[in-house]
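Here is the file my_file-v8.cif (mmCIF, C-alpha atoms and all ligand atoms).
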```
data_work
#
loop_
_atom_site.group_PDB
_atom_site.id
_atom_site.type_symbol
_atom_site.label_atom_id
_atom_site.label_comp_id
_atom_site.auth_asym_id
_atom_site.auth_seq_id
_atom_site.Cartn_x
_atom_site.Cartn_y
_atom_site.Cartn_z
ATOM 1 C CA MET A 30 94.804 15.122 101.597
ATOM 2 C CA PRO A 31 97.688 15.825 99.176
ATOM 3 C CA SER A 32 96.851 15.237 95.499
ATOM 4 C CA ASP A 33 98.806 12.666 93.470
ATOM 5 C CA SER A 34 100.493 15.338 91.320
ATOM 6 C CA ALA A 35 101.541 17.614 94.248
ATOM 7 C CA PRO A 36 105.195 17.485 95.372
ATOM 8 C CA ALA A 37 105.706 15.492 98.573
ATOM 9 C CA PRO A 38 106.471 17.743 101.534
ATOM 10 C CA VAL A 39 110.000 17.572 102.916
ATOM 11 C CA TYR A 40 108.807 18.026 106.509
ATOM 12 C CA LYS A 41 106.320 15.873 108.401
ATOM 13 C CA ARG A 42 105.742 18.151 111.403
ATOM 14 C CA ILE A 43 106.445 21.870 111.713
ATOM 15 C CA LEU A 44 106.224 24.480 114.440
ATOM 16 C CA LEU A 45 105.203 27.865 113.077
ATOM 17 C CA LYS A 46 105.987 30.912 115.226
ATOM 18 C CA LEU A 47 103.764 33.825 114.237
ATOM 19 C CA SER A 48 104.664 37.343 115.270
ATOM 20 C CA GLY A 49 101.891 38.921 117.321
ATOM 21 C CA GLU A 50 102.853 42.323 116.006
ATOM 22 C CA ALA A 51 102.390 41.205 112.409
ATOM 23 C CA LEU A 52 98.750 40.259 113.180
ATOM 24 C CA MET A 53 97.955 43.982 113.435
ATOM 25 C CA GLY A 54 98.437 44.463 109.695
ATOM 26 C CA SER A 55 97.844 48.167 109.107
ATOM 27 C CA LEU A 56 96.147 48.689 112.491
ATOM 28 C CA ASN A 57 97.883 50.249 115.504
ATOM 29 C CA PHE A 58 96.686 47.607 117.962
ATOM 30 C CA GLY A 59 94.863 44.278 117.961
ATOM 31 C CA ILE A 60 94.050 41.863 115.182
ATOM 32 C CA ALA A 61 93.399 42.659 111.511
ATOM 33 C CA PRO A 62 90.758 40.287 110.034
ATOM 34 C CA ASP A 63 92.439 40.261 106.617
ATOM 35 C CA VAL A 64 95.750 39.157 108.163
ATOM 36 C CA MET A 65 94.005 36.401 110.125
ATOM 37 C CA ASN A 66 92.284 35.084 106.989
ATOM 38 C CA PHE A 67 95.569 35.162 105.093
ATOM 39 C CA VAL A 68 97.435 33.314 107.865
ATOM 40 C CA ALA A 69 94.662 30.707 108.088
ATOM 41 C CA GLY A 70 94.931 30.082 104.342
ATOM 42 C CA GLU A 71 98.687 29.608 104.615
ATOM 43 C CA ILE A 72 98.247 27.085 107.443
ATOM 44 C CA LYS A 73 95.565 25.239 105.454
ATOM 45 C CA SER A 74 97.877 24.910 102.462
ATOM 46 C CA ALA A 75 100.436 23.073 104.620
ATOM 47 C CA ILE A 76 97.801 20.826 106.217
ATOM 48 C CA ASP A 77 96.362 20.018 102.772
ATOM 49 C CA ALA A 78 99.868 18.997 101.696
ATOM 50 C CA GLY A 79 99.905 16.435 104.524
ATOM 51 C CA VAL A 80 102.096 18.345 106.997
ATOM 52 C CA GLN A 81 101.332 18.400 110.737
ATOM 53 C CA VAL A 82 101.173 22.032 111.857
ATOM 54 C CA ALA A 83 101.648 23.408 115.377
ATOM 55 C CA VAL A 84 101.611 27.161 115.980
ATOM 56 C CA VAL A 85 103.008 29.456 118.665
ATOM 57 C CA VAL A 86 101.779 33.024 118.497
ATOM 58 C CA GLY A 87 103.279 36.158 120.041
ATOM 59 C CA GLY A 88 101.429 38.924 121.839
ATOM 60 C CA GLY A 89 103.212 42.092 120.746
ATOM 61 C CA ASN A 90 100.075 43.407 119.002
ATOM 62 C CA ILE A 91 98.394 43.680 122.405
ATOM 63 C CA PHE A 92 100.825 43.737 125.360
ATOM 64 C CA ARG A 93 104.468 43.107 126.098
ATOM 65 C CA GLY A 94 105.596 42.858 129.717
ATOM 66 C CA GLU A 95 108.727 44.852 129.055
ATOM 67 C CA GLY A 96 106.774 47.801 127.654
ATOM 68 C CA LEU A 97 104.279 47.721 130.514
ATOM 69 C CA ALA A 98 107.161 47.621 133.034
ATOM 70 C CA ARG A 99 108.722 50.695 131.376
ATOM 71 C CA GLY A 100 105.474 52.489 132.189
ATOM 72 C CA GLY A 101 105.844 51.542 135.871
ATOM 73 C CA MET A 102 103.935 48.253 136.089
ATOM 74 C CA ASP A 103 105.296 45.292 138.018
ATOM 75 C CA ARG A 104 107.222 43.199 135.441
ATOM 76 C CA VAL A 105 105.723 39.848 136.402
ATOM 77 C CA THR A 106 102.193 41.260 136.147
ATOM 78 C CA GLY A 107 103.098 42.773 132.787
ATOM 79 C CA ASP A 108 104.447 39.447 131.542
ATOM 80 C CA GLN A 109 101.299 37.684 132.712
ATOM 81 C CA MET A 110 99.274 40.216 130.712
ATOM 82 C CA GLY A 111 101.534 39.546 127.726
ATOM 83 C CA MET A 112 100.957 35.796 128.034
ATOM 84 C CA LEU A 113 97.194 36.329 128.240
ATOM 85 C CA ALA A 114 97.476 38.475 125.098
ATOM 86 C CA THR A 115 98.864 35.433 123.295
ATOM 87 C CA VAL A 116 95.788 33.451 124.399
ATOM 88 C CA ILE A 117 93.596 36.074 122.695
ATOM 89 C CA ASN A 118 95.658 35.753 119.518
ATOM 90 C CA ALA A 119 95.509 31.951 119.694
ATOM 91 C CA LEU A 120 91.701 32.040 119.896
ATOM 92 C CA ALA A 121 91.614 34.334 116.857
ATOM 93 C CA ILE A 122 93.790 31.865 114.931
ATOM 94 C CA GLN A 123 91.585 28.984 116.041
ATOM 95 C CA ASP A 124 88.529 30.827 114.762
ATOM 96 C CA SER A 125 89.985 31.761 111.378
ATOM 97 C CA VAL A 126 91.440 28.286 110.727
ATOM 98 C CA GLU A 127 88.215 26.555 111.808
ATOM 99 C CA ARG A 128 86.256 28.717 109.384
ATOM 100 C CA LEU A 129 88.314 27.082 106.612
ATOM 101 C CA GLY A 130 86.983 23.685 107.710
ATOM 102 C CA LEU A 131 89.986 22.434 109.690
ATOM 103 C CA GLU A 132 90.033 21.141 113.237
ATOM 104 C CA VAL A 133 92.015 23.202 115.739
ATOM 105 C CA ARG A 134 92.918 22.884 119.399
ATOM 106 C CA VAL A 135 94.347 25.677 121.539
ATOM 107 C CA GLN A 136 96.550 24.500 124.404
ATOM 108 C CA SER A 137 97.570 27.039 127.019
ATOM 109 C CA ALA A 138 100.574 26.979 129.339
ATOM 110 C CA ILE A 139 98.419 28.869 131.872
ATOM 111 C CA ARG A 140 95.307 27.009 132.987
ATOM 112 C CA ILE A 141 92.230 28.673 131.504
ATOM 113 C CA ASN A 142 89.946 25.708 130.956
ATOM 114 C CA GLU A 143 86.793 27.613 130.142
ATOM 115 C CA VAL A 144 88.368 28.698 126.868
ATOM 116 C CA CYS A 145 90.955 26.089 125.886
ATOM 117 C CA GLU A 146 92.875 22.948 126.809
ATOM 118 C CA ASP A 147 95.945 22.863 129.039
ATOM 119 C CA PHE A 148 99.264 22.156 127.408
ATOM 120 C CA ILE A 149 99.759 18.391 127.574
ATOM 121 C CA ARG A 150 102.539 17.260 125.281
ATOM 122 C CA ARG A 151 101.266 13.776 124.478
ATOM 123 C CA ARG A 152 97.796 15.127 123.803
ATOM 124 C CA ALA A 153 99.230 17.801 121.515
ATOM 125 C CA VAL A 154 101.116 15.144 119.529
ATOM 126 C CA SER A 155 97.970 13.035 119.291
ATOM 127 C CA HIS A 156 96.004 16.041 117.919
ATOM 128 C CA LEU A 157 98.738 16.631 115.332
ATOM 129 C CA GLU A 158 98.694 12.975 114.288
ATOM 130 C CA ASN A 159 94.938 13.307 113.794
ATOM 131 C CA GLY A 160 95.425 16.221 111.399
ATOM 132 C CA ARG A 161 94.394 18.952 113.837
ATOM 133 C CA VAL A 162 96.204 22.272 113.994
ATOM 134 C CA VAL A 163 97.485 22.835 117.537
ATOM 135 C CA VAL A 164 97.966 26.418 118.709
ATOM 136 C CA PHE A 165 100.164 26.746 121.795
ATOM 137 C CA ALA A 166 99.154 29.774 123.859
ATOM 138 C CA ALA A 167 100.510 31.633 126.903
ATOM 139 C CA GLY A 168 104.140 31.194 125.910
ATOM 140 C CA THR A 169 106.114 29.075 128.353
ATOM 141 C CA GLY A 170 103.755 30.015 131.182
ATOM 142 C CA ASN A 171 106.618 31.801 132.952
ATOM 143 C CA PRO A 172 107.479 35.510 133.158
ATOM 144 C CA PHE A 173 110.764 36.872 131.738
ATOM 145 C CA PHE A 174 110.528 34.619 128.687
ATOM 146 C CA THR A 175 109.290 35.350 125.173
ATOM 147 C CA THR A 176 107.158 33.451 122.708
ATOM 148 C CA ASP A 177 110.306 32.812 120.637
ATOM 149 C CA SER A 178 111.551 30.734 123.568
ATOM 150 C CA ALA A 179 108.145 29.081 123.871
ATOM 151 C CA ALA A 180 108.283 28.234 120.156
ATOM 152 C CA ALA A 181 111.754 26.695 120.479
ATOM 153 C CA LEU A 182 110.642 24.728 123.541
ATOM 154 C CA ARG A 183 107.431 23.425 121.968
ATOM 155 C CA ALA A 184 109.204 22.612 118.685
ATOM 156 C CA VAL A 185 111.653 20.414 120.572
ATOM 157 C CA GLU A 186 108.977 18.885 122.828
ATOM 158 C CA ILE A 187 106.730 17.801 119.946
ATOM 159 C CA GLY A 188 109.659 16.605 117.824
ATOM 160 C CA ALA A 189 109.110 19.083 114.981
ATOM 161 C CA ASP A 190 111.354 18.662 111.922
ATOM 162 C CA LEU A 191 111.517 22.406 111.399
ATOM 163 C CA MET A 192 110.745 25.571 113.313
ATOM 164 C CA LEU A 193 109.590 28.501 111.204
ATOM 165 C CA LYS A 194 109.654 32.082 112.340
ATOM 166 C CA ALA A 195 107.129 34.000 110.224
ATOM 167 C CA THR A 196 107.836 37.669 110.672
ATOM 168 C CA LYS A 197 107.935 41.133 109.100
ATOM 169 C CA VAL A 198 111.351 40.655 107.496
ATOM 170 C CA ASP A 199 112.193 38.158 104.746
ATOM 171 C CA GLY A 200 115.094 36.564 106.610
ATOM 172 C CA ILE A 201 118.035 37.292 108.876
ATOM 173 C CA TYR A 202 120.205 40.248 107.906
ATOM 174 C CA THR A 203 123.673 41.429 108.911
ATOM 175 C CA ALA A 204 121.807 44.115 110.926
ATOM 176 C CA ASP A 205 118.169 45.038 111.535
ATOM 177 C CA PRO A 206 117.028 45.925 107.968
ATOM 178 C CA PHE A 207 114.467 48.404 109.322
ATOM 179 C CA LYS A 208 117.299 50.384 110.899
ATOM 180 C CA ASP A 209 120.185 49.762 108.487
ATOM 181 C CA LYS A 210 119.370 49.989 104.776
ATOM 182 C CA THR A 211 122.816 48.609 103.840
ATOM 183 C CA ALA A 212 122.183 45.321 105.704
ATOM 184 C CA THR A 213 122.402 42.181 103.558
ATOM 185 C CA LYS A 214 120.484 38.941 103.936
ATOM 186 C CA TYR A 215 121.930 35.556 104.879
ATOM 187 C CA GLU A 216 120.691 32.517 102.976
ATOM 188 C CA HIS A 217 122.086 30.206 105.637
ATOM 189 C CA LEU A 218 123.975 30.662 108.886
ATOM 190 C CA SER A 219 124.818 28.737 112.030
ATOM 191 C CA TYR A 220 123.341 29.363 115.474
ATOM 192 C CA ASP A 221 126.810 30.226 116.776
ATOM 193 C CA GLU A 222 127.226 32.901 114.093
ATOM 194 C CA ALA A 223 123.780 34.340 114.870
ATOM 195 C CA LEU A 224 124.532 34.300 118.606
ATOM 196 C CA ASN A 225 128.056 35.723 118.322
ATOM 197 C CA LYS A 226 126.908 38.511 115.997
ATOM 198 C CA ARG A 227 123.885 39.145 118.245
ATOM 199 C CA LEU A 228 121.539 39.184 115.254
ATOM 200 C CA GLY A 229 118.322 40.447 116.818
ATOM 201 C CA VAL A 230 115.662 38.609 114.840
ATOM 202 C CA MET A 231 115.053 35.985 117.537
ATOM 203 C CA ASP A 232 115.913 36.082 121.230
ATOM 204 C CA GLN A 233 119.132 34.477 122.373
ATOM 205 C CA THR A 234 117.483 32.028 124.792
ATOM 206 C CA ALA A 235 115.470 30.593 121.910
ATOM 207 C CA MET A 236 118.566 30.431 119.678
ATOM 208 C CA VAL A 237 120.526 28.545 122.345
ATOM 209 C CA MET A 238 117.675 26.052 122.835
ATOM 210 C CA CYS A 239 117.434 25.420 119.079
ATOM 211 C CA ARG A 240 121.217 25.068 118.792
ATOM 212 C CA ASP A 241 121.567 22.693 121.729
ATOM 213 C CA GLN A 242 118.652 20.528 120.570
ATOM 214 C CA LYS A 243 119.720 20.676 116.886
ATOM 215 C CA MET A 244 116.405 22.164 115.785
ATOM 216 C CA LYS A 245 116.454 23.627 112.260
ATOM 217 C CA LEU A 246 115.019 27.134 111.954
ATOM 218 C CA ARG A 247 113.824 29.079 108.935
ATOM 219 C CA VAL A 248 113.025 32.810 109.194
ATOM 220 C CA TYR A 249 110.757 34.156 106.443
ATOM 221 C CA ASP A 250 108.359 36.928 105.502
ATOM 222 C CA MET A 251 104.887 36.156 106.791
ATOM 223 C CA ASP A 252 103.204 38.371 104.164
ATOM 224 C CA ARG A 253 104.499 36.444 101.166
ATOM 225 C CA PRO A 254 101.578 34.453 99.708
ATOM 226 C CA GLY A 255 102.282 30.739 99.287
ATOM 227 C CA ALA A 256 105.596 30.898 101.158
ATOM 228 C CA LEU A 257 104.668 28.358 103.828
ATOM 229 C CA LEU A 258 103.688 25.702 101.288
ATOM 230 C CA ARG A 259 106.814 26.332 99.243
ATOM 231 C CA ILE A 260 108.981 26.012 102.352
ATOM 232 C CA VAL A 261 107.412 22.719 103.453
ATOM 233 C CA ASN A 262 107.991 21.502 99.896
ATOM 234 C CA GLY A 263 111.687 22.244 100.327
ATOM 235 C CA GLU A 264 112.182 25.645 98.671
ATOM 236 C CA PRO A 265 114.929 27.757 100.281
ATOM 237 C CA ILE A 266 112.840 30.842 101.097
ATOM 238 C CA GLY A 267 114.143 33.220 103.801
ATOM 239 C CA THR A 268 117.124 32.289 105.972
ATOM 240 C CA LEU A 269 117.948 28.815 107.267
ATOM 241 C CA VAL A 270 119.701 28.506 110.632
ATOM 242 C CA THR A 271 121.292 25.209 111.635
ATOM 243 C CA VAL A 272 123.934 23.908 114.016
HETATM 244 N N1 LIG A 301 119.684 40.958 112.024
HETATM 245 C C1 LIG A 301 118.367 41.040 111.849
HETATM 246 N N2 LIG A 301 117.788 40.449 110.767
HETATM 247 C C2 LIG A 301 116.439 40.489 110.589
HETATM 248 N N3 LIG A 301 115.588 41.127 111.440
HETATM 249 C C3 LIG A 301 116.110 41.730 112.535
HETATM 250 C C4 LIG A 301 117.519 41.718 112.790
HETATM 251 N N4 LIG A 301 117.733 42.389 113.956
HETATM 252 C C5 LIG A 301 116.535 42.788 114.405
HETATM 253 N N5 LIG A 301 115.556 42.408 113.553
HETATM 254 C C6 LIG A 301 114.135 42.709 113.784
HETATM 255 O O1 LIG A 301 113.523 41.550 114.309
HETATM 256 C C7 LIG A 301 112.138 41.656 114.038
HETATM 257 C C8 LIG A 301 111.548 40.265 114.095
HETATM 258 O O2 LIG A 301 110.940 40.171 115.235
HETATM 259 P P1 LIG A 301 109.333 40.124 115.361
HETATM 260 O O3 LIG A 301 108.845 41.451 115.709
HETATM 261 O O4 LIG A 301 108.722 39.395 114.252
HETATM 262 O O5 LIG A 301 109.343 39.115 116.479
HETATM 263 P P2 LIG A 301 108.788 39.105 117.868
HETATM 264 O O6 LIG A 301 109.347 40.243 118.652
HETATM 265 O O7 LIG A 301 109.071 37.740 118.309
HETATM 266 O O8 LIG A 301 107.269 39.294 117.524
HETATM 267 P P3 LIG A 301 106.040 39.542 118.467
HETATM 268 O O9 LIG A 301 106.545 39.901 119.798
HETATM 269 O O10 LIG A 301 105.305 40.596 117.773
HETATM 270 O O11 LIG A 301 105.363 38.240 118.433
HETATM 271 C C9 LIG A 301 112.060 42.241 112.652
HETATM 272 O O12 LIG A 301 110.902 43.009 112.514
HETATM 273 C C10 LIG A 301 113.336 43.061 112.535
HETATM 274 O O13 LIG A 301 113.071 44.447 112.589
HETATM 275 O O1 LIG A 302 106.944 32.514 127.948
HETATM 276 C C1 LIG A 302 106.546 33.699 127.889
HETATM 277 C C2 LIG A 302 106.079 34.263 126.703
HETATM 278 C C3 LIG A 302 105.624 35.563 126.687
HETATM 279 N N1 LIG A 302 105.639 36.295 127.833
HETATM 280 C C4 LIG A 302 105.081 37.660 127.849
HETATM 281 O O2 LIG A 302 104.171 37.843 126.763
HETATM 282 C C5 LIG A 302 104.595 38.930 125.932
HETATM 283 C C6 LIG A 302 104.231 38.685 124.517
HETATM 284 O O3 LIG A 302 105.148 37.767 123.921
HETATM 285 P P1 LIG A 302 106.129 38.195 122.725
HETATM 286 O O4 LIG A 302 107.079 37.068 122.575
HETATM 287 O O5 LIG A 302 106.811 39.475 123.122
HETATM 288 O O6 LIG A 302 105.242 38.376 121.550
HETATM 289 C C7 LIG A 302 106.093 39.048 126.227
HETATM 290 O O7 LIG A 302 106.574 40.332 125.922
HETATM 291 C C8 LIG A 302 106.144 38.746 127.719
HETATM 292 O O8 LIG A 302 105.711 39.869 128.431
HETATM 293 C C9 LIG A 302 106.122 35.749 129.006
HETATM 294 O O9 LIG A 302 106.154 36.413 130.047
HETATM 295 N N2 LIG A 302 106.554 34.454 129.001
#
```

Structure rendered as structure tokens:
Amino acid sequence: MPSDSAPAPVYKRILLKLSGEALMGSLNFGIAPDVMNFVAGEIKSAIDAGVQVAVVVGGGNIFRGEGLARGGMDRVTGDQMGMLATVINALAIQDSVERLGLEVRVQSAIRINEVCEDFIRRRAVSHLENGRVVVFAAGTGNPFFTTDSAAALRAVEIGADLMLKATKVDGIYTADPFKDKTATKYEHLSYDEALNKRLGVMDQTAMVMCRDQKMKLRVYDMDRPGALLRIVNGEPIGTLVTV
């Protein structure tokens, strides 16, 4: 429960998209325990502030369908492997957040009932209202999509006030800052600007969904301690994207 002296959060319900790739930390593949513990602590800080937290996690630390298809694999099979990779990541998040004493439910878009619940929107909302963290796994359940699109979709479906993309960069730049050292960061931009300039931080399908459904998006650096709490308390960290 939030303490009397803590600032009141600006957002009631958020959807946090975590990059799968960032879960590797300094590893070349898989999940770094220190990153998981850090992420769990960030999520707990938002829950303790009284915010409802839903999470969508990527799978790029394990498999991406596109990469597997480049190596000759059937694309749909590769995408299915990518979606199952996100289930693995979701279970890791569930474990690390539960170890901090919170309740968590994983809901998968692909039926896998021995390990988690199916995605059922009304049930997800009920979990959130009961203070549980809900981790949406298996993306949209369909090949040829990404977990950015799944995050946009789930954010809209659950009526989130804000979608957050926690990633390896501290916001949206005029160009990919890993490739162009002269790139400069936007504090705020519109979806149309991001789409027209083809700014690569989030896929275009997800951008269009957020724009059309008027979902606010904030892109920020996942490694920055305390950033999630500061954002839910209204601080302008990273880049804000709106209609
Ligand atoms: N204009 C831009 N501004 C900021 N980042 C950009 C831009 N263009 C491309 N990027 C790249 O986008 C990446 C963000 O994508 P990230 O890898 O976090 O997402 P993802 O592909 O959805 O993650 P994953 O698949 O691992 O879950 C950054 O690491 C950055 O290199
Ligand atoms: O709706 C979806 C979401 C994801 N995939 C596949 O999973 C991997 C991992 O997701 P990232 O967003 O790249 O982290 C993705 O590359 C796709 O292969 C999917 O098919 N459908």

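Using all atoms listed in the file, the smallest distance between any of A:Pro206, A:Gly111, A:Gly59, A:Gly229 and ligand LIG 302 (chain A) comes from A:Gly111.
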
*Ground truth for the PyMOL selection byres (((not hetatm)) within 6 of (chain A and resi 301)), written as JSON, numbers by chain*: {"A": [48, 49, 50, 87, 88, 89, 177, 196, 197, 198, 200, 201, 202, 203, 204, 205, 207, 228, 229, 230]}

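Closest approach to Leu131 in chain A from the set A:Gly96, A:Gly79, A:Gly160, A:Pro62 is made by A:Gly160, with distances taken over all atoms listed in the file.
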
Which residues, protein or nucleic acid, reach to within 12 Å of (99.7, 13.1, 119.7) in the file's coordinates when using only C-alpha atoms, and can you give that as an mmCIF file with C-alpha atoms, in the coordinates of the input?
```cif
data_model
loop_
_atom_site.group_PDB
_atom_site.id
_atom_site.type_symbol
_atom_site.label_atom_id
_atom_site.label_comp_id
_atom_site.auth_asym_id
_atom_site.auth_seq_id
_atom_site.Cartn_x
_atom_site.Cartn_y
_atom_site.Cartn_z
ATOM 1 C CA ARG A 42 105.742 18.151 111.403
ATOM 2 C CA GLN A 81 101.332 18.400 110.737
ATOM 3 C CA VAL A 82 101.173 22.032 111.857
ATOM 4 C CA ALA A 83 101.648 23.408 115.377
ATOM 5 C CA ARG A 134 92.918 22.884 119.399
ATOM 6 C CA PHE A 148 99.264 22.156 127.408
ATOM 7 C CA ILE A 149 99.759 18.391 127.574
ATOM 8 C CA ARG A 150 102.539 17.260 125.281
ATOM 9 C CA ARG A 151 101.266 13.776 124.478
ATOM 10 C CA ARG A 152 97.796 15.127 123.803
ATOM 11 C CA ALA A 153 99.230 17.801 121.515
ATOM 12 C CA VAL A 154 101.116 15.144 119.529
ATOM 13 C CA SER A 155 97.970 13.035 119.291
ATOM 14 C CA HIS A 156 96.004 16.041 117.919
ATOM 15 C CA LEU A 157 98.738 16.631 115.332
ATOM 16 C CA GLU A 158 98.694 12.975 114.288
ATOM 17 C CA ASN A 159 94.938 13.307 113.794
ATOM 18 C CA GLY A 160 95.425 16.221 111.399
ATOM 19 C CA ARG A 161 94.394 18.952 113.837
ATOM 20 C CA VAL A 162 96.204 22.272 113.994
ATOM 21 C CA VAL A 163 97.485 22.835 117.537
ATOM 22 C CA GLU A 186 108.977 18.885 122.828
ATOM 23 C CA ILE A 187 106.730 17.801 119.946
ATOM 24 C CA GLY A 188 109.659 16.605 117.824
#
```

*Could you work out how far CA of Glu143 in chain A lies from CA of Glu71 in chain A, giving the answer in Å with one decimal?*
28.2 Å
